[in-house]
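Asker: Following this message is one structure expressed as structure tokens.
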Amino acid sequence: MPAMNAQPIEQRIEVHHPDRLKPLIDFVIATLINHFPGTLSALVKQHGSPLNLVWPHAFELNTKALQTVLNQHNVRHAIFYGAKANKSQSLLSAAANSGIGVDVSSIYELEAALRAGTLAAKICATGPAKTAAFHQALISAGSLICVDSLEEFDHLQTVIESLTTPAKARILLRYRPASCPKSRFGMGFEDLLECLHRLTRQPRHFHFEGFHFHLGGYGFESRAQAFREVSGFVQAAREMGLNPQIIDIGGGLPIRYVEPQAYCQFLQHDNKYEHYYNNIVPDSYYPYGSELTAPQWLTLFLQADHSPGLSIANYLNMQKITLALEPGRSLVDQAAISLFRVTRTKKLADNKIVIFVEGSSFSACETWFSSEYLVDPILISTSELPHTPTQAYIAGHSCLDDDVITHRLINFATTPQAGDLLVYVNTAGYQMDLLENEFHRHPLPRRLMATCCTEGNYAFAPDY
Ligand SMILES: Cc1ncc(COP(=O)(O)O)c(C=O)c1O
């Protein structure tokens, strides 16, 4: 597709930013939205709605920011991009360009990462139920495999024994931290120890490289605690004659979507049942106004105590251990925006307003997790009518009652009209394409890689 130079448009077109949960926006993306909204309308006209614009430069900036913290602490490190966060191939290419590895959870993610140019040795596979085909592919590629259980360990051994040419599997053992005893992921104390014993008996089949864990939630303290627990196994493994060199702490580094103060304000004052069309306040949300950015989170993690007088960074250096991370969401911070064209605005029986968009909540999917995306959309309006402020909730175009993008009643400076655009910012992390499908036989939303060469000069290309 030819590069497209954004031109200021002649038609009256206004950009209305929300007044409450204002999205934080990357400078390059904000310039496009604020100064070239006509370009966005033209792209939707050409490629349909919803349309996802993916921004690899944001990924590369996020990676650099984490690398800077790791280098400042002088620790050996390996970053594996959690590819599950987004299906974009151009973001995998951004990972390859940044020289980092990729965390894959299926043979398809593995193939996509290799296609993007990531070296197989820099790929690490996670997930609790890897198939024989996936295991085989990982072994022959020489990628790292996070073994989830004794059962998976045995399965992997069977796969190795079935190979016609002798091979070794490079493995990490996944630990189940004490804070989540009922989790189905990873091994508890006894199974992990048993796995280490089995490794001492199987030096031919395995190249044991260390330990791994991944926790839900976004606190650095829970990771620091799990790290302390796992470091006891490093010692135990060494005493058994094994040579662990990596502790992989998984993902869960946060994104700050909106200013923390605005977020607190929202939670305190604008998050009551009457602020929702369905009168239900969700029980939990992603921490959209995170107090910490991902680099701050990582700094606090590295500076947390490992033991009295010894920080985690000191421990890593003293023990010559590589800290591995698998950030998904935090590496795709600001790396996509999603554009939905308004189909119509409708008044309902109780005088409440619903805005229907071309597209569905499968392409902005937080409500499917009984939650809400607490970032308000930007309205790009082409209406010639005088401004009529309104409050409305937003629904998709399907016949499912649950197809609601936001139950929240959002304030608009003027009533959205057919053909206007709603711009959702920062949708790359599990938001834009996790649940996308062809319901009603609508084609899958298009994804374009967006780049900016000089200010105002943007290029858009299909992102496969
Ligand atoms: C094993 C593992 N690593 C990394 C991640 C990425 O987590 P996040 O996107 O929160 O950084 C996940 C997410 O589920 C995961 O299961």
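So you can find residues: chains in the structure tokens are A, B, ... in the order shown, residues in each start at 1, and ligands are numbered from 1 in order.
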For ligand 1, return the neighbouring residues as a VMD selection string (distance at most 6 Å; only C-alpha atoms and all ligand atoms).
Answerer: chain A and resid 82 85 126 214 250 to 253 326 to 330
Asker: Where does DSSP see strand (DSSP E or B) in region 262-460 of chain A, if you list the residues as JSON, numbers by chain?
Answerer: {"A": [276, 289, 305, 306, 307, 310, 311, 322, 323, 324, 325, 336, 337, 338, 339, 340, 341, 342, 343, 344, 345, 346, 347, 353, 354, 355, 356, 357, 358, 378, 379, 380, 381, 390, 391, 392, 393, 394, 395, 404, 405, 406, 407, 408, 409, 410, 411, 412, 421, 422, 423, 424, 425, 446, 447, 448, 449, 450, 451, 452, 457, 458, 459, 460]}
Asker: Choose the residue, out of A:Val147, A:Ala137, A:Leu91, A:Val404, that has the smallest atom-to-atom separation from Glu209 (chain A); count only C-alpha atoms.
Answerer: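 Looking at the shortest contact to Glu209 (chain A), the residue is A:Val147.
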Asker: If I take CA of Ile139 (chain A) and CA of Ala125 (chain A), how far is one from the other in Å, to one decimal?
Answerer: 10.6 Å
Asker: Can you pull out every residue within 9 Å of region 432-437 of chain A, counting only C-alpha atoms, but drop anything in the same chain fewer than 4 positions away, and send it as a list in words?
Answerer: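 So the residues in contact are Asn52, Lys84, Ala85, Asn86, Lys87, Ala336, Ile337, Ser338, Ser360, Ser361, Phe362, Ser363, Ala364, Cys365, Trp368, Thr427, Ala428, Arg441, His442, Pro443, Leu444 and Pro445 of chain A.
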Asker: Would you kindly return, as a PyMOL selection string, each protein, DNA or RNA residue with an atom no farther than 8 Å from any atom of Thr367 (chain A), considering only C-alpha atoms and excluding same-chain residues fewer than 4 positions away?
Answerer: chain A and resi 361+371-373+404-406
Asker: Store the residues picked out above in a file with N, CA and C atoms, as a compact mmCIF listing (two decimals), in the first residue's frame.
Answerer:
```txt
# COMPACT_ATOMS: atom_id res chain seq x y z
N SER A 361 -18.40 -5.68 20.54
CA SER A 361 -17.60 -5.70 21.76
C SER A 361 -16.56 -6.81 21.72
N SER A 371 -16.19 -6.63 33.23
CA SER A 371 -15.50 -5.42 33.65
C SER A 371 -15.78 -4.31 32.63
N GLU A 372 -15.00 -3.28 32.64
CA GLU A 372 -15.18 -2.16 31.72
C GLU A 372 -13.82 -1.61 31.32
N TYR A 373 -13.73 -1.08 30.11
CA TYR A 373 -12.51 -0.40 29.69
C TYR A 373 -12.65 1.03 30.18
N VAL A 404 -22.08 -5.16 24.30
CA VAL A 404 -22.00 -3.78 24.79
C VAL A 404 -20.52 -3.44 24.97
N ILE A 405 -20.07 -2.39 24.34
CA ILE A 405 -18.66 -2.00 24.46
C ILE A 405 -18.42 -1.30 25.78
N THR A 406 -19.35 -0.45 26.17
CA THR A 406 -19.28 0.09 27.53
C THR A 406 -20.68 0.32 28.06
```
Asker: If you count only C-alpha atoms, which residues fall within 10 Å of Phe27 (chain A), apart from same-chain ones fewer than 5 positions away, as a list of chain:residue names?
Answerer: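 The residues satisfying every condition are A:Leu32, A:Ile33, A:Ala58, A:Gln334.
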Asker: Any chance you can output those residues with N, CA and C atoms as a tab-separated table (two decimals), in the first residue's frame?
Answerer:
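Ended up saving to out.tsv:
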```tsv
chain	number	residue	atom	x	y	z
A	32	LEU	N	-1.59	12.64	15.03
A	32	LEU	CA	-2.47	12.14	13.97
A	32	LEU	C	-3.94	12.42	14.32
A	33	ILE	N	-4.32	12.09	15.55
A	33	ILE	CA	-5.73	12.24	15.93
A	33	ILE	C	-6.13	13.73	15.92
A	58	ALA	N	5.92	2.54	19.35
A	58	ALA	CA	5.58	2.56	20.79
A	58	ALA	C	6.16	1.31	21.46
A	334	GLN	N	0.35	1.77	24.33
A	334	GLN	CA	0.22	2.79	23.27
A	334	GLN	C	0.41	2.22	21.86
```
Asker: So which residues touch region 199-202 of chain A within 10 Å, counting only C-alpha atoms, skipping near sequence neighbours fewer than 2 positions away, as a list in words?
Answerer: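 Once the adjacent positions are removed, what remains is Phe153, Gln157, Leu193, Glu194, Cys195, Leu196, His197, Arg204, His205, Phe206, His207, Phe208, Ala237, Met240, Gly241 and Leu242 of chain A.
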Asker: Using backbone DSSP assignments, extract all helix (DSSP H, G or I) residues from region 9-42 of chain A; output them as a list in words.
Answerer: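 Residues meeting the helix (DSSP H, G or I) criterion: Phe27, Val28, Ile29, Ala30, Thr31, Leu32, Ile33, Asn34, His35, Pro37, Gly38, Thr39, Leu40, Ser41 and Ala42 of chain A.
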Asker: Do you have, as a tab-separated table, the list of residues of region 300-395 of chain A lying at most 12 Å from region 216-229 of chain A, each with its nearest atom pair and that distance in Å to one decimal, counting only C-alpha atoms and ordered by chain then number?
Answerer:
```
residue	atom	partner	partner_atom	distance
A:Leu300	CA	A:Phe220	CA	7.1
A:Phe301	CA	A:Phe220	CA	5.6
A:Leu302	CA	A:Ala224	CA	8.3
A:Gln303	CA	A:Ala224	CA	9.5
A:Ala304	CA	A:Ala224	CA	6.7
A:Asp305	CA	A:Ala224	CA	7.8
A:His306	CA	A:Arg228	CA	5.9
A:Ser307	CA	A:Arg228	CA	7.9
A:Pro308	CA	A:Arg228	CA	11.6
A:Leu310	CA	A:Arg228	CA	11.2
A:Ser311	CA	A:Ala224	CA	9.9
A:Ile312	CA	A:Ala224	CA	7.8
A:Ala313	CA	A:Ala224	CA	10.9
A:Tyr315	CA	A:Arg228	CA	9.9
A:Leu316	CA	A:Phe227	CA	10.6
A:Ile321	CA	A:Phe227	CA	11.9
A:Leu323	CA	A:Phe227	CA	10.1
A:Ala324	CA	A:Phe227	CA	11.5
A:Leu325	CA	A:Arg223	CA	11.0
A:Pro327	CA	A:Tyr218	CA	11.2
A:Arg329	CA	A:Tyr218	CA	10.9
A:Ser330	CA	A:Tyr218	CA	10.7
```
